[in-house]
Each structure stands twice: as C-alpha cells, then as structure tokens.
$ cat final.txt   # compact mmCIF, C-alpha atoms and all ligand atoms
# COMPACT_ATOMS: atom_id res chain seq x y z
CA MET A 256 50.00 14.32 -45.01
CA LEU A 257 51.79 12.27 -42.40
CA HIS A 258 55.46 13.15 -42.65
CA ALA A 259 58.23 10.74 -41.66
CA VAL A 260 59.42 13.24 -39.09
CA ASN A 261 56.23 12.72 -37.14
CA CYS A 262 56.44 8.96 -37.03
CA PHE A 263 57.86 9.00 -33.55
CA PHE A 264 54.41 9.85 -32.26
CA LEU A 265 53.11 6.59 -33.60
CA THR A 266 53.05 3.17 -32.15
CA ALA A 267 54.12 0.03 -33.97
CA PRO A 268 51.07 -0.67 -36.17
CA LEU A 269 50.95 2.83 -37.55
CA LYS A 270 54.72 3.02 -38.05
CA ARG A 271 54.63 -0.26 -39.92
CA CYS A 272 51.86 0.92 -42.18
CA ILE A 273 53.91 3.93 -43.16
CA GLN A 274 57.36 2.36 -43.32
CA GLU A 275 56.52 -0.92 -45.04
CA LYS A 276 54.58 0.55 -47.90
CA THR A 277 56.30 1.66 -51.05
CA LYS A 278 55.05 4.88 -52.50
CA ARG A 279 53.26 4.25 -55.75
CA GLU A 280 53.48 6.70 -58.60
CA ALA A 281 49.91 7.10 -59.73
CA VAL A 282 50.24 8.12 -63.33
CA SER A 283 46.78 8.42 -64.79
CA ILE A 284 45.90 9.46 -68.28
CA ARG A 285 42.46 10.99 -68.22
CA HIS A 286 40.03 9.28 -70.53
CA SER A 287 37.02 11.08 -71.92
CA ASN A 288 33.93 10.20 -73.90
CA ILE A 289 32.22 12.40 -76.45
CA ALA A 290 28.74 11.10 -75.72
CA ILE A 291 26.20 11.02 -78.52
CA PHE A 292 22.81 9.69 -77.43
CA VAL A 293 20.81 7.54 -79.80
CA PRO A 294 17.76 7.24 -77.55
CA HIS A 295 15.51 4.23 -77.64
CA ASN A 296 16.41 3.33 -81.15
CA GLY A 297 16.76 -0.24 -82.25
CA CYS A 298 15.22 -1.76 -79.15
CA PRO A 299 13.26 -4.88 -80.02
CA HIS A 300 11.81 -4.91 -76.47
CA GLN A 301 10.44 -2.39 -74.07
CA CYS A 302 12.32 -3.23 -70.90
CA SER A 303 10.27 -2.77 -67.74
CA PHE A 304 12.44 -0.01 -66.32
CA CYS A 305 13.44 1.91 -69.41
CA ASN A 306 12.47 5.36 -70.43
CA GLN A 307 15.53 6.34 -72.43
CA LYS A 308 14.14 9.73 -73.35
CA GLU A 309 14.06 10.74 -69.69
CA ILE A 310 17.32 9.05 -68.73
CA THR A 311 19.28 10.73 -71.51
CA GLY A 312 17.17 13.90 -71.44
CA GLN A 313 16.99 13.66 -75.22
CA SER A 314 14.49 12.37 -77.75
CA LEU A 315 15.91 13.59 -81.10
CA GLN A 316 17.81 11.09 -83.21
CA PRO A 317 21.26 12.35 -84.21
CA HIS A 318 22.58 12.14 -87.78
CA ALA A 319 26.05 12.23 -89.33
CA GLU A 320 26.25 16.04 -89.20
CA ASP A 321 25.36 15.98 -85.48
CA VAL A 322 28.17 13.49 -84.85
CA ARG A 323 30.66 15.68 -86.74
CA SER A 324 29.51 18.80 -84.96
CA ALA A 325 29.75 17.12 -81.50
CA VAL A 326 33.26 15.91 -82.27
CA GLU A 327 34.34 19.32 -83.63
CA THR A 328 33.07 20.98 -80.44
CA ALA A 329 34.89 18.46 -78.26
CA ARG A 330 38.06 18.90 -80.32
CA LYS A 331 38.18 22.58 -79.35
CA SER A 332 37.95 21.88 -75.64
CA LEU A 333 40.11 18.74 -75.57
CA GLY A 334 43.03 20.05 -77.62
CA GLU A 335 45.78 17.43 -77.63
CA LYS A 336 43.82 15.14 -75.36
CA THR A 337 41.63 13.90 -78.22
CA ARG A 338 43.82 10.81 -78.57
CA ASN A 339 42.55 9.65 -75.16
CA ALA A 340 38.94 10.32 -76.10
CA GLU A 341 36.37 7.91 -77.50
CA ILE A 342 33.35 8.95 -79.55
CA ALA A 343 30.57 7.20 -77.67
CA PHE A 344 27.13 6.14 -78.89
CA PHE A 345 24.98 5.58 -75.83
CA GLY A 346 21.31 5.35 -75.03
CA GLY A 347 19.84 2.58 -77.14
CA SER A 348 20.77 -0.69 -78.75
CA PHE A 349 23.27 0.64 -81.23
CA THR A 350 23.96 -2.57 -83.12
CA ALA A 351 20.23 -3.31 -83.49
CA ILE A 352 19.31 -0.03 -85.15
CA ASP A 353 18.52 0.22 -88.84
CA ARG A 354 21.72 -0.88 -90.60
CA GLU A 355 21.91 2.12 -92.92
CA TYR A 356 21.44 4.53 -90.04
CA MET A 357 24.04 2.71 -87.92
CA LEU A 358 26.58 2.91 -90.76
CA GLU A 359 25.83 6.61 -91.26
CA LEU A 360 26.68 7.32 -87.60
CA LEU A 361 29.68 5.00 -87.56
CA ASP A 362 31.12 6.44 -90.77
CA ALA A 363 30.88 9.97 -89.40
CA ALA A 364 32.72 8.99 -86.21
CA SER A 365 35.14 6.74 -88.02
CA GLU A 366 36.71 9.65 -89.99
CA PHE A 367 38.09 11.09 -86.76
CA VAL A 368 39.39 7.76 -85.49
CA LYS A 369 41.01 6.61 -88.71
CA SER A 370 42.88 9.91 -88.98
CA GLY A 371 44.45 9.04 -85.61
CA GLU A 372 43.07 12.14 -83.94
CA PHE A 373 40.60 10.37 -81.62
CA GLY A 374 41.24 7.21 -79.62
CA GLY A 375 38.28 5.13 -80.77
CA ILE A 376 34.56 4.58 -80.75
CA ARG A 377 32.57 3.25 -77.79
CA LEU A 378 29.01 2.05 -77.97
CA SER A 379 26.36 0.41 -75.84
CA THR A 380 24.04 -2.33 -77.02
CA ARG A 381 22.05 -5.41 -76.09
CA PRO A 382 23.74 -8.80 -75.61
CA ASP A 383 21.52 -10.40 -78.25
CA ALA A 384 22.49 -7.79 -80.84
CA ILE A 385 26.08 -9.01 -81.15
CA SER A 386 27.23 -11.39 -83.88
CA ARG A 387 30.40 -11.99 -85.85
CA GLU A 388 28.94 -10.06 -88.76
CA ILE A 389 28.26 -7.03 -86.53
CA LEU A 390 31.67 -7.26 -84.90
CA ASP A 391 33.37 -7.32 -88.31
CA ILE A 392 31.56 -4.09 -89.21
CA LEU A 393 32.45 -2.48 -85.89
CA ARG A 394 36.08 -3.47 -86.15
CA SER A 395 36.49 -1.98 -89.59
CA ALA A 396 34.80 1.24 -88.41
CA GLY A 397 37.38 1.73 -85.65
CA VAL A 398 35.18 0.75 -82.69
CA THR A 399 37.31 0.11 -79.61
CA SER A 400 34.87 -0.53 -76.73
CA ILE A 401 31.52 -2.27 -76.53
CA GLU A 402 29.27 -2.06 -73.48
CA LEU A 403 26.54 -4.64 -72.99
CA GLY A 404 23.45 -3.97 -70.93
CA ALA A 405 23.40 -7.27 -69.05
CA GLN A 406 21.31 -5.96 -66.12
CA SER A 407 20.88 -9.36 -64.46
CA MET A 408 22.19 -12.90 -64.86
CA ASP A 409 19.11 -14.38 -63.24
CA GLU A 410 16.79 -15.77 -65.94
CA GLN A 411 13.65 -15.07 -63.94
CA VAL A 412 14.63 -11.44 -63.36
CA LEU A 413 15.43 -11.00 -67.06
CA LEU A 414 12.02 -12.42 -67.93
CA MET A 415 10.10 -10.38 -65.34
CA ASN A 416 11.71 -7.19 -66.62
CA GLU A 417 10.99 -8.03 -70.25
CA ARG A 418 14.58 -7.91 -71.35
CA GLY A 419 14.05 -10.40 -74.17
CA HIS A 420 17.48 -12.03 -73.83
CA THR A 421 19.03 -14.69 -71.64
CA ALA A 422 22.06 -14.86 -69.36
CA GLN A 423 23.65 -17.11 -71.97
CA ASP A 424 23.32 -14.29 -74.53
CA VAL A 425 25.47 -12.15 -72.19
CA ARG A 426 28.09 -14.91 -71.95
CA THR A 427 28.15 -15.56 -75.70
CA ALA A 428 28.35 -11.86 -76.64
CA SER A 429 31.07 -11.19 -74.04
CA GLY A 430 33.13 -14.11 -75.34
CA LEU A 431 32.88 -12.83 -78.92
CA ILE A 432 33.76 -9.26 -77.90
CA HIS A 433 36.88 -10.54 -76.13
CA GLU A 434 37.77 -12.76 -79.08
CA TYR A 435 37.68 -9.77 -81.42
CA GLY A 436 39.87 -7.79 -79.04
CA PHE A 437 37.41 -5.01 -78.14
CA SER A 438 37.34 -3.58 -74.66
CA LEU A 439 34.30 -5.12 -72.91
CA GLY A 440 32.04 -3.09 -70.65
CA LEU A 441 29.14 -4.63 -68.75
CA GLN A 442 26.21 -2.91 -67.09
CA MET A 443 24.12 -4.34 -64.27
CA MET A 444 21.14 -3.12 -62.30
CA THR A 445 20.35 -3.80 -58.67
CA GLY A 446 16.90 -4.04 -57.14
CA LEU A 447 15.04 -4.92 -60.34
CA TYR A 448 11.51 -6.36 -60.22
CA GLY A 449 11.84 -9.93 -58.92
CA SER A 450 15.44 -9.49 -57.84
CA SER A 451 17.02 -9.56 -54.38
CA ALA A 452 20.37 -8.69 -52.84
CA GLU A 453 21.33 -12.34 -53.21
CA LYS A 454 20.43 -12.39 -56.92
CA ASP A 455 22.29 -9.12 -57.47
CA ARG A 456 25.39 -10.60 -55.82
CA TYR A 457 25.03 -13.65 -58.06
CA THR A 458 24.80 -11.37 -61.11
CA ALA A 459 27.97 -9.55 -60.05
CA ALA A 460 29.81 -12.84 -59.55
CA MET A 461 28.69 -14.14 -62.96
CA LEU A 462 29.63 -10.89 -64.71
CA ALA A 463 33.06 -10.79 -63.04
CA GLU A 464 33.72 -14.24 -64.50
CA LEU A 465 33.28 -12.72 -67.95
CA LYS A 466 36.29 -10.49 -67.22
CA PRO A 467 34.91 -7.12 -68.31
CA ASP A 468 37.33 -4.21 -68.56
CA THR A 469 34.71 -1.87 -67.11
CA MET A 470 31.47 -2.13 -65.15
CA ARG A 471 28.56 0.21 -64.62
CA ILE A 472 26.20 -0.44 -61.72
CA TYR A 473 22.77 1.16 -61.68
CA PRO A 474 20.41 0.80 -58.72
CA THR A 475 16.89 0.69 -60.17
CA VAL A 476 15.01 3.96 -60.40
CA VAL A 477 11.31 3.80 -61.26
CA MET A 478 10.50 6.19 -64.09
CA LYS A 479 7.03 7.35 -64.98
CA GLY A 480 5.74 5.86 -68.22
CA THR A 481 7.38 2.48 -67.66
CA ARG A 482 6.06 -0.97 -66.79
CA LEU A 483 7.84 -0.72 -63.45
CA TYR A 484 5.89 2.42 -62.70
CA GLU A 485 2.62 0.54 -63.19
CA LEU A 486 3.85 -2.26 -60.95
CA TYR A 487 4.96 0.29 -58.36
CA LYS A 488 1.63 2.13 -58.45
CA SER A 489 -0.31 -1.08 -58.08
CA GLY A 490 1.83 -2.08 -55.10
CA GLN A 491 3.35 -5.12 -56.80
CA TYR A 492 6.85 -3.69 -56.77
CA LEU A 493 8.69 -1.52 -54.32
CA PRO A 494 12.26 -0.69 -55.37
CA PRO A 495 15.02 -0.50 -52.76
CA ASP A 496 15.67 3.13 -51.80
CA ALA A 497 19.09 4.78 -51.56
CA GLU A 498 19.51 3.76 -47.93
CA GLN A 499 18.93 0.10 -48.78
CA SER A 500 20.97 0.23 -51.98
CA VAL A 501 24.12 1.87 -50.61
CA PRO A 502 25.35 -1.14 -48.53
CA LEU A 503 24.77 -3.56 -51.42
CA CYS A 504 26.31 -1.32 -54.08
CA ALA A 505 29.27 -0.58 -51.79
CA GLU A 506 29.79 -4.32 -51.50
CA LEU A 507 29.57 -4.76 -55.29
CA LEU A 508 31.96 -1.87 -55.88
CA SER A 509 34.50 -3.46 -53.52
CA PHE A 510 33.94 -6.83 -55.13
CA PHE A 511 34.61 -5.65 -58.69
CA GLU A 512 37.59 -3.54 -57.65
CA SER A 513 39.06 -6.51 -55.77
CA LYS A 514 38.92 -8.39 -59.10
CA GLY A 515 40.77 -5.53 -60.84
CA ILE A 516 37.60 -4.45 -62.70
CA ASN A 517 37.14 -0.71 -63.05
CA VAL A 518 33.65 0.46 -62.05
CA ILE A 519 33.26 3.50 -64.26
CA ARG A 520 29.76 4.44 -63.14
CA LEU A 521 27.68 3.87 -60.04
CA GLY A 522 24.14 5.31 -60.16
CA LEU A 523 22.34 7.24 -62.87
CA HIS A 524 23.55 10.61 -64.13
CA ASP A 525 21.65 13.48 -62.63
CA SER A 526 19.48 15.39 -65.08
CA GLY A 527 16.46 17.66 -64.84
CA SER A 528 14.29 15.31 -66.90
CA LEU A 529 15.33 12.33 -64.78
CA ARG A 530 14.30 14.16 -61.61
CA GLU A 531 10.98 15.12 -63.16
CA SER A 532 10.06 11.63 -64.23
CA MET A 533 11.44 9.50 -61.41
CA ALA A 534 8.85 8.13 -59.02
CA ALA A 535 10.82 5.93 -56.63
CA GLY A 536 14.06 4.05 -56.17
CA ALA A 537 17.68 4.62 -55.34
CA PHE A 538 18.53 7.89 -56.99
CA TYR A 539 21.04 10.11 -55.23
CA PRO A 540 23.25 12.55 -57.19
CA SER A 541 26.47 11.49 -55.49
CA PHE A 542 25.60 7.84 -55.06
CA ARG A 543 29.16 6.66 -55.64
CA GLU A 544 30.49 8.88 -52.86
CA LEU A 545 27.94 7.36 -50.48
CA CYS A 546 29.09 3.88 -51.42
CA GLU A 547 32.76 4.72 -51.06
CA SER A 548 32.17 6.28 -47.63
CA ARG A 549 30.29 3.17 -46.64
CA ILE A 550 33.27 1.00 -47.64
CA MET A 551 35.59 3.09 -45.48
CA LEU A 552 33.21 3.03 -42.52
CA GLU A 553 32.93 -0.73 -42.78
CA ASN A 554 36.70 -1.07 -43.00
CA ALA A 555 37.06 1.03 -39.85
CA LEU A 556 34.37 -0.96 -38.01
CA LYS A 557 36.03 -4.22 -39.05
CA ILE A 558 39.33 -3.10 -37.53
CA ILE A 559 37.64 -1.85 -34.38
CA SER A 560 35.91 -5.19 -34.00
CA THR A 561 38.80 -7.53 -34.91
CA GLN A 562 41.35 -5.59 -32.85
CA GLY A 563 38.93 -5.06 -29.98
CA ILE A 564 39.51 -1.31 -29.96
CA SER A 565 37.57 0.23 -27.08
CA PRO A 566 35.75 3.57 -27.34
CA GLY A 567 37.89 6.61 -26.63
CA LYS A 568 40.53 8.56 -28.51
CA ILE A 569 41.77 6.88 -31.68
CA ILE A 570 44.07 7.83 -34.54
CA VAL A 571 42.84 6.91 -37.98
CA CYS A 572 45.38 6.87 -40.78
CA ILE A 573 44.12 7.08 -44.39
CA ASN A 574 45.25 8.17 -47.84
CA PRO A 575 45.12 12.01 -48.16
CA LYS A 576 42.79 11.67 -51.16
CA SER A 577 40.34 9.69 -49.03
CA ILE A 578 39.61 12.28 -46.37
CA SER A 579 36.10 13.15 -47.55
CA ARG A 580 35.55 9.50 -48.43
CA PHE A 581 36.33 8.56 -44.84
CA THR A 582 34.51 11.39 -43.08
CA GLY A 583 31.42 10.89 -45.29
CA GLN A 584 28.85 13.42 -46.45
CA LYS A 585 28.17 15.96 -43.73
CA LYS A 586 30.72 14.04 -41.63
CA SER A 587 28.26 11.17 -41.35
CA ASN A 588 30.94 8.53 -40.64
CA ILE A 589 32.61 10.68 -37.99
CA ILE A 590 29.22 11.25 -36.37
CA LYS A 591 28.41 7.51 -36.43
CA LEU A 592 31.75 6.60 -34.90
CA GLY A 593 31.35 9.47 -32.43
CA LYS A 594 28.03 8.03 -31.28
CA MET A 595 29.85 4.75 -30.65
CA GLY A 596 32.22 6.67 -28.37
CA TYR A 597 35.21 7.12 -30.68
CA GLU A 598 36.94 10.49 -30.73
CA ILE A 599 38.82 10.56 -34.00
CA LYS A 600 42.01 12.27 -35.11
CA ILE A 601 42.95 11.70 -38.73
CA TYR A 602 46.49 11.34 -40.05
CA THR A 603 47.15 10.89 -43.73
CA ASP A 604 49.68 8.79 -45.56
CA ASP A 605 49.78 8.71 -49.35
CA SER A 606 51.22 5.21 -49.43
CA LEU A 607 47.90 3.80 -48.19
CA GLU A 608 45.38 2.36 -50.64
CA LYS A 609 42.20 4.24 -51.53
CA TYR A 610 39.94 2.53 -48.95
CA GLU A 611 42.63 1.43 -46.52
CA VAL A 612 42.18 2.40 -42.89
CA VAL A 613 44.75 1.96 -40.14
CA ILE A 614 43.59 2.59 -36.58
CA ASP A 615 45.60 2.96 -33.41
CA ASN A 616 44.35 3.76 -29.96
CA THR A 617 47.62 3.29 -28.17
CA ALA A 618 49.58 6.06 -29.89
CA GLU A 619 50.69 8.99 -27.84
CA LEU A 620 48.06 11.57 -28.68
CA ASN A 621 50.58 14.38 -28.45
CA TYR A 622 50.21 15.13 -32.14
CA LYS A 623 51.22 18.32 -33.82
CA ARG A 624 48.28 20.41 -34.96
CA ASN A 625 49.20 20.31 -38.67
CA ASP A 626 49.24 16.54 -38.74
CA VAL A 627 45.63 16.35 -37.71
CA ILE A 628 43.11 16.83 -40.43
CA TYR A 629 39.99 16.42 -38.38
S1 LIG A 701 17.30 -2.49 -74.61
FE1 LIG A 701 18.18 -0.80 -73.46
S2 LIG A 701 17.52 1.07 -74.47
FE2 LIG A 701 16.23 -0.62 -75.22
S3 LIG A 701 14.38 -0.58 -73.96
FE3 LIG A 701 15.80 -2.03 -73.04
S4 LIG A 701 17.02 -0.82 -71.57
FE4 LIG A 701 15.96 0.60 -72.94

$ encode --input "final.txt" --output "structure tokens"
Amino acid sequence: MLHAVNCFFLTAPLKRCIQEKTKREAVSIRHSNIAIFVPHNGCPHQCSFCNQKEITGQSLQPHAEDVRSAVETARKSLGEKTRNAEIAFFGGSFTAIDREYMLELLDAASEFVKSGEFGGIRLSTRPDAISREILDILRSAGVTSIELGAQSMDEQVLLMNERGHTAQDVRTASGLIHEYGFSLGLQMMTGLYGSSAEKDRYTAAMLAELKPDTMRIYPTVVMKGTRLYELYKSGQYLPPDAEQSVPLCAELLSFFESKGINVIRLGLHDSGSLRESMAAGAFYPSFRELCESRIMLENALKIISTQGISPGKIIVCINPKSISRFTGQKKSNIIKLGKMGYEIKIYTDDSLEKYEVVIDNTAELNYKRNDVIY
C-alpha cells in the first residue's frame, strides 16, 4: 500500500493520482448459486458446439427430491447467507422442457424462496423459449433471474451453428424479461463457426444495447461428439486458440464493464469430463485472469506510448488488489515490459480503479523497501 507519508517521493502525476481520488468503500455482499444441472433437456435443436453432458459433467436428470437435497446441503454450508443465494437451473433450455417436469423442479425450489430463506431462482434458457405465458409461470414460482443463451447476434453465425433462433428472438425475449422485472443475463460465444472478431464485437455491442444485468462470455471450445468437431476434423473449421482469444475477450470484458455490465463468467468451468472431451479451442482454466492481465498490460502500454515514456526505471502505481493482475501469470507482463527495457517498481494505492495504471519515470527512485511490491 502506498501511504500518504511516502508521497514526497513522488512527482506530480503520481501525487495527483493519490491525492485527487476519494477512497471508495467497497461493500460487497457475496452472491452464490446453488447450481442444479438439467443437462440437454428441452433443446429443440442440437447446436453445433454443444455437448452439455461433457460441459456440465453430468447426464442424469434431477427430480424434485434432488433439488430439495441440493438446497438442504447448501443450507448447511451457507448458514445465514442463504438470503443472498439463488437456486439455479443451468445446463439446458429450462423453459422448453416438458411442462410437468419443469413445474416439478420449480415447485421444489419455490418452497425455499417463498419461505424467504433463499433469495430467488435463476435459470438459463433459449431466447425462443420465452413468452408471456412462461414468464407468468416463472414469476409466480419466485424466479428472479433469467439467462439467455444468445451466443451471437449475427444471423449467419446463428444459422451456421444450428441455433434455431434469430437475433430478433434475443431482442424480443430480453425486452419481455425486462418488462416483467426479472434480472436479465446474456451469454455470448466468441470464435464460433463462421464468426470473426468483428462479428463478435458486433454481438457484444448489440447485447449491451439490451442492457443485461450480467454477461457470460465463452470462447468456443470444440468438444468431441459435436458438429463442430466434425467440421474441425474435416478442416472446415479451426477455432481461435487461447492466445488468439485473450486479446478479444479482454476487449469485450473492458467493453461490458465500461457499460456497467457485470461479466460474471469468462471461459468454461474446468472439469475432468470437459478436459477429456475437448479437442481444440480456447480453453484455459484461469482464462479470466489472462484477460484481466492483458487489460492491465494494454493500459500500461497505452500510457507508455501516449506519454512517450522511454525505457529505463519506472514506477507503476496500481490498486493493491491488482498486483497479480498487473504482473500477470508467471510475471508475464513484467517480463514483456522488461524485454522492452522497462525496469519496474510497483507502488499500490487502494483509491485506484481495478485496471487503472499510473506510470511515472521522473520520480525520485529513492523508495523505501516496504513501498515496493515488485
Ligand atoms: S440450446 Fe443450449 S443446451 Fe440446447 S443444444 Fe443448444 S447450447 Fe446445448
């Protein structure tokens, strides 16, 4: 942490960054999901990329007693925090499943929400499986959040990946979800068959216009047993790898955050079955970290370029919670900057924003040891 007492070591830009910023009290209430997977149920289409069984690591269909037992288990570990928890049905097209089965699952979850013990119910579904009738049912069951798998807003990409819905379906469903007062989550994929960085940016821009409360971004991973796998094997499709996907996803992450949209997931969850069945694509267990480090590196490079900072000793000032974000995995950012000739000393200041970087190369480098993190 950069203490006020040390400010005299700093030149004007760094002093300003510390003095002009008001400390923000970050009060965060931790939200949790009790995830219940309803794999590949209710899907009227077989999307090119989807192998839900492998993604969720589960093929059994849960029933009411499984919902109750999952919630009871979570209750023990969450204690009083259950009020911030949502019972979440993920993995398929929840609102397109057999109506009786959907009501069985909803009723089981609903008991815990209506008693006031749990915060709500979250579910994921397809954009074309939303209607007023469905939303009425969901509202009376205590559903609070609905996530739509939009994946792309480019009609050609939707068609080529056999999604079976249009971009307009995403707009219509999102509008209805807002109108009913549910929290709206949207999911998009990058690097799909027939897509490009430009089309993925377009998708992000179109989705941001729908004002989702949350976003999930998934770079495409080719799973065995899917249409994409056949296309990949026959050489008709080559998905972007992690190295190609990180700069784009970092840009999308920044973009959504700049619009005040919370990106709650970036990259697929790691699981043994996912690793076994993936054949290609941008899977990396800590994909989000890579993207966040990329944002910080780019912010540093932007400052170096716009301020014309020459190679040599520099002081970099960042938020204390962003140290590993800035240094990067295995100090990759420090190494990159080092190769460009920059010898870096890090100061921290908790009034700086998450990705904010302040650089000074004119400060007296007579720092005290404790002020220097790296
Ligand atoms: S709608 Fe969703 S769950 Fe169903 S096949 Fe497509 S991606 Fe998979």

$ residues_around --input "final.txt" --residues "Cys504 of chain A" --least-positions-apart "6" --cutoff "8 Å" --atoms "all atoms listed in the file" --output "ChimeraX atom specification"
/A:445,472,474,546

$ residues_near_ligand --input "final.txt" --ligand "ligand LIG 701 (chain A)" --cutoff "10 Å" --atoms "only C-alpha atoms and all ligand atoms" --output "PyMOL selection string"
chain A and resi 293-308+310+345-349+351+379-384+403-406+416-420+481

$ write_last_selection --input "final.txt" --atoms "C-alpha atoms" --output "short mmCIF file (atom, residue, chain, number, x, y, z; two decimals), keeping the file's coordinate frame"
data_model
loop_
_atom_site.label_atom_id
_atom_site.label_comp_id
_atom_site.auth_asym_id
_atom_site.auth_seq_id
_atom_site.Cartn_x
_atom_site.Cartn_y
_atom_site.Cartn_z
CA VAL A 293 20.81 7.54 -79.80
CA PRO A 294 17.76 7.24 -77.55
CA HIS A 295 15.51 4.23 -77.64
CA ASN A 296 16.41 3.33 -81.15
CA GLY A 297 16.76 -0.24 -82.25
CA CYS A 298 15.22 -1.76 -79.15
CA PRO A 299 13.26 -4.88 -80.02
CA HIS A 300 11.81 -4.91 -76.47
CA GLN A 301 10.44 -2.39 -74.07
CA CYS A 302 12.32 -3.23 -70.90
CA SER A 303 10.27 -2.77 -67.74
CA PHE A 304 12.44 -0.01 -66.32
CA CYS A 305 13.44 1.91 -69.41
CA ASN A 306 12.47 5.36 -70.43
CA GLN A 307 15.53 6.34 -72.43
CA LYS A 308 14.14 9.73 -73.35
CA ILE A 310 17.32 9.05 -68.73
CA PHE A 345 24.98 5.58 -75.83
CA GLY A 346 21.31 5.35 -75.03
CA GLY A 347 19.84 2.58 -77.14
CA SER A 348 20.77 -0.69 -78.75
CA PHE A 349 23.27 0.64 -81.23
CA ALA A 351 20.23 -3.31 -83.49
CA SER A 379 26.36 0.41 -75.84
CA THR A 380 24.04 -2.33 -77.02
CA ARG A 381 22.05 -5.41 -76.09
CA PRO A 382 23.74 -8.80 -75.61
CA ASP A 383 21.52 -10.40 -78.25
CA ALA A 384 22.49 -7.79 -80.84
CA LEU A 403 26.54 -4.64 -72.99
CA GLY A 404 23.45 -3.97 -70.93
CA ALA A 405 23.40 -7.27 -69.05
CA GLN A 406 21.31 -5.96 -66.12
CA ASN A 416 11.71 -7.19 -66.62
CA GLU A 417 10.99 -8.03 -70.25
CA ARG A 418 14.58 -7.91 -71.35
CA GLY A 419 14.05 -10.40 -74.17
CA HIS A 420 17.48 -12.03 -73.83
CA THR A 481 7.38 2.48 -67.66
#

$ closest_residue --input "final.txt" --among "A:Glu512, A:Leu393, A:Ser386, A:Gly436" --to "Asp424 of chain A" --atoms "all atoms listed in the file"
A:Ser386

$ closest_residue --input "final.txt" --among "A:Ser438, A:Gln499, A:Ser526, A:Ser407" --to "Arg456 of chain A" --atoms "all atoms listed in the file"
A:Ser407

$ closest_residue --input "final.txt" --among "A:Asp605, A:Asp468, A:Asp353, A:Asp362" --to "Gln442 of chain A" --atoms "only C-alpha atoms"
A:Asp468

$ closest_residue --input "final.txt" --among "A:Thr458, A:Thr617, A:Ser565, A:Gln491" --to "Ala422 of chain A" --atoms "all atoms listed in the file"
A:Thr458

$ atom_distance --input "final.txt" --atom1 "atom CA of Asp409 of chain A" --atom2 "atom CA of Val476 of chain A"
19.0 Å

$ residues_around --input "final.txt" --residues "segment 558-560 of chain A" --least-positions-apart "2" --cutoff "12 Å" --atoms "only C-alpha atoms" --output "mmCIF file with C-alpha atoms, in the coordinates of the input"
data_model
loop_
_atom_site.group_PDB
_atom_site.id
_atom_site.type_symbol
_atom_site.label_atom_id
_atom_site.label_comp_id
_atom_site.auth_asym_id
_atom_site.auth_seq_id
_atom_site.Cartn_x
_atom_site.Cartn_y
_atom_site.Cartn_z
ATOM 1 C CA MET A 551 35.590 3.090 -45.480
ATOM 2 C CA LEU A 552 33.210 3.030 -42.520
ATOM 3 C CA GLU A 553 32.930 -0.730 -42.780
ATOM 4 C CA ASN A 554 36.700 -1.070 -43.000
ATOM 5 C CA ALA A 555 37.060 1.030 -39.850
ATOM 6 C CA LEU A 556 34.370 -0.960 -38.010
ATOM 7 C CA GLN A 562 41.350 -5.590 -32.850
ATOM 8 C CA GLY A 563 38.930 -5.060 -29.980
ATOM 9 C CA ILE A 564 39.510 -1.310 -29.960
ATOM 10 C CA SER A 565 37.570 0.230 -27.080
ATOM 11 C CA PRO A 566 35.750 3.570 -27.340
ATOM 12 C CA GLY A 567 37.890 6.610 -26.630
ATOM 13 C CA ILE A 569 41.770 6.880 -31.680
ATOM 14 C CA ILE A 570 44.070 7.830 -34.540
ATOM 15 C CA VAL A 571 42.840 6.910 -37.980
ATOM 16 C CA LEU A 592 31.750 6.600 -34.900
ATOM 17 C CA MET A 595 29.850 4.750 -30.650
ATOM 18 C CA GLY A 596 32.220 6.670 -28.370
ATOM 19 C CA TYR A 597 35.210 7.120 -30.680
ATOM 20 C CA GLU A 611 42.630 1.430 -46.520
ATOM 21 C CA VAL A 612 42.180 2.400 -42.890
ATOM 22 C CA VAL A 613 44.750 1.960 -40.140
ATOM 23 C CA ILE A 614 43.590 2.590 -36.580
ATOM 24 C CA ASP A 615 45.600 2.960 -33.410
ATOM 25 C CA ASN A 616 44.350 3.760 -29.960
#

$ closest_residue --input "final.txt" --among "A:Gly480, A:Gly397, A:Gly593, A:Gly375" --to "Lys568 of chain A" --atoms "all atoms listed in the file"
A:Gly593

$ decode --input "final.txt" --residues "segment 329-351 of chain A" --atoms "C-alpha atoms" --output "CSV table (one decimal), in the first residue's frame"
chain,number,residue,atom,x,y,z
A,329,ALA,CA,-26.2,-25.8,0.6
A,330,ARG,CA,-28.2,-24.5,3.6
A,331,LYS,CA,-25.8,-26.2,6.0
A,332,SER,CA,-22.7,-24.6,4.4
A,333,LEU,CA,-24.3,-21.2,3.7
A,334,GLY,CA,-25.9,-20.6,7.1
A,335,GLU,CA,-27.4,-17.1,7.2
A,336,LYS,CA,-26.1,-16.3,3.7
A,337,THR,CA,-28.9,-18.2,2.1
A,338,ARG,CA,-30.8,-15.0,1.5
A,339,ASN,CA,-28.1,-13.9,-1.0
A,340,ALA,CA,-28.3,-17.3,-2.7
A,341,GLU,CA,-30.3,-18.3,-5.8
A,342,ILE,CA,-31.3,-21.8,-6.7
A,343,ALA,CA,-30.0,-22.1,-10.2
A,344,PHE,CA,-31.2,-24.4,-13.0
A,345,PHE,CA,-28.4,-24.5,-15.6
A,346,GLY,CA,-27.4,-26.7,-18.5
A,347,GLY,CA,-30.3,-26.9,-20.9
A,348,SER,CA,-33.3,-25.0,-22.1
A,349,PHE,CA,-35.2,-24.9,-18.9
A,350,THR,CA,-38.4,-23.2,-20.1
A,351,ALA,CA,-38.6,-25.6,-23.1
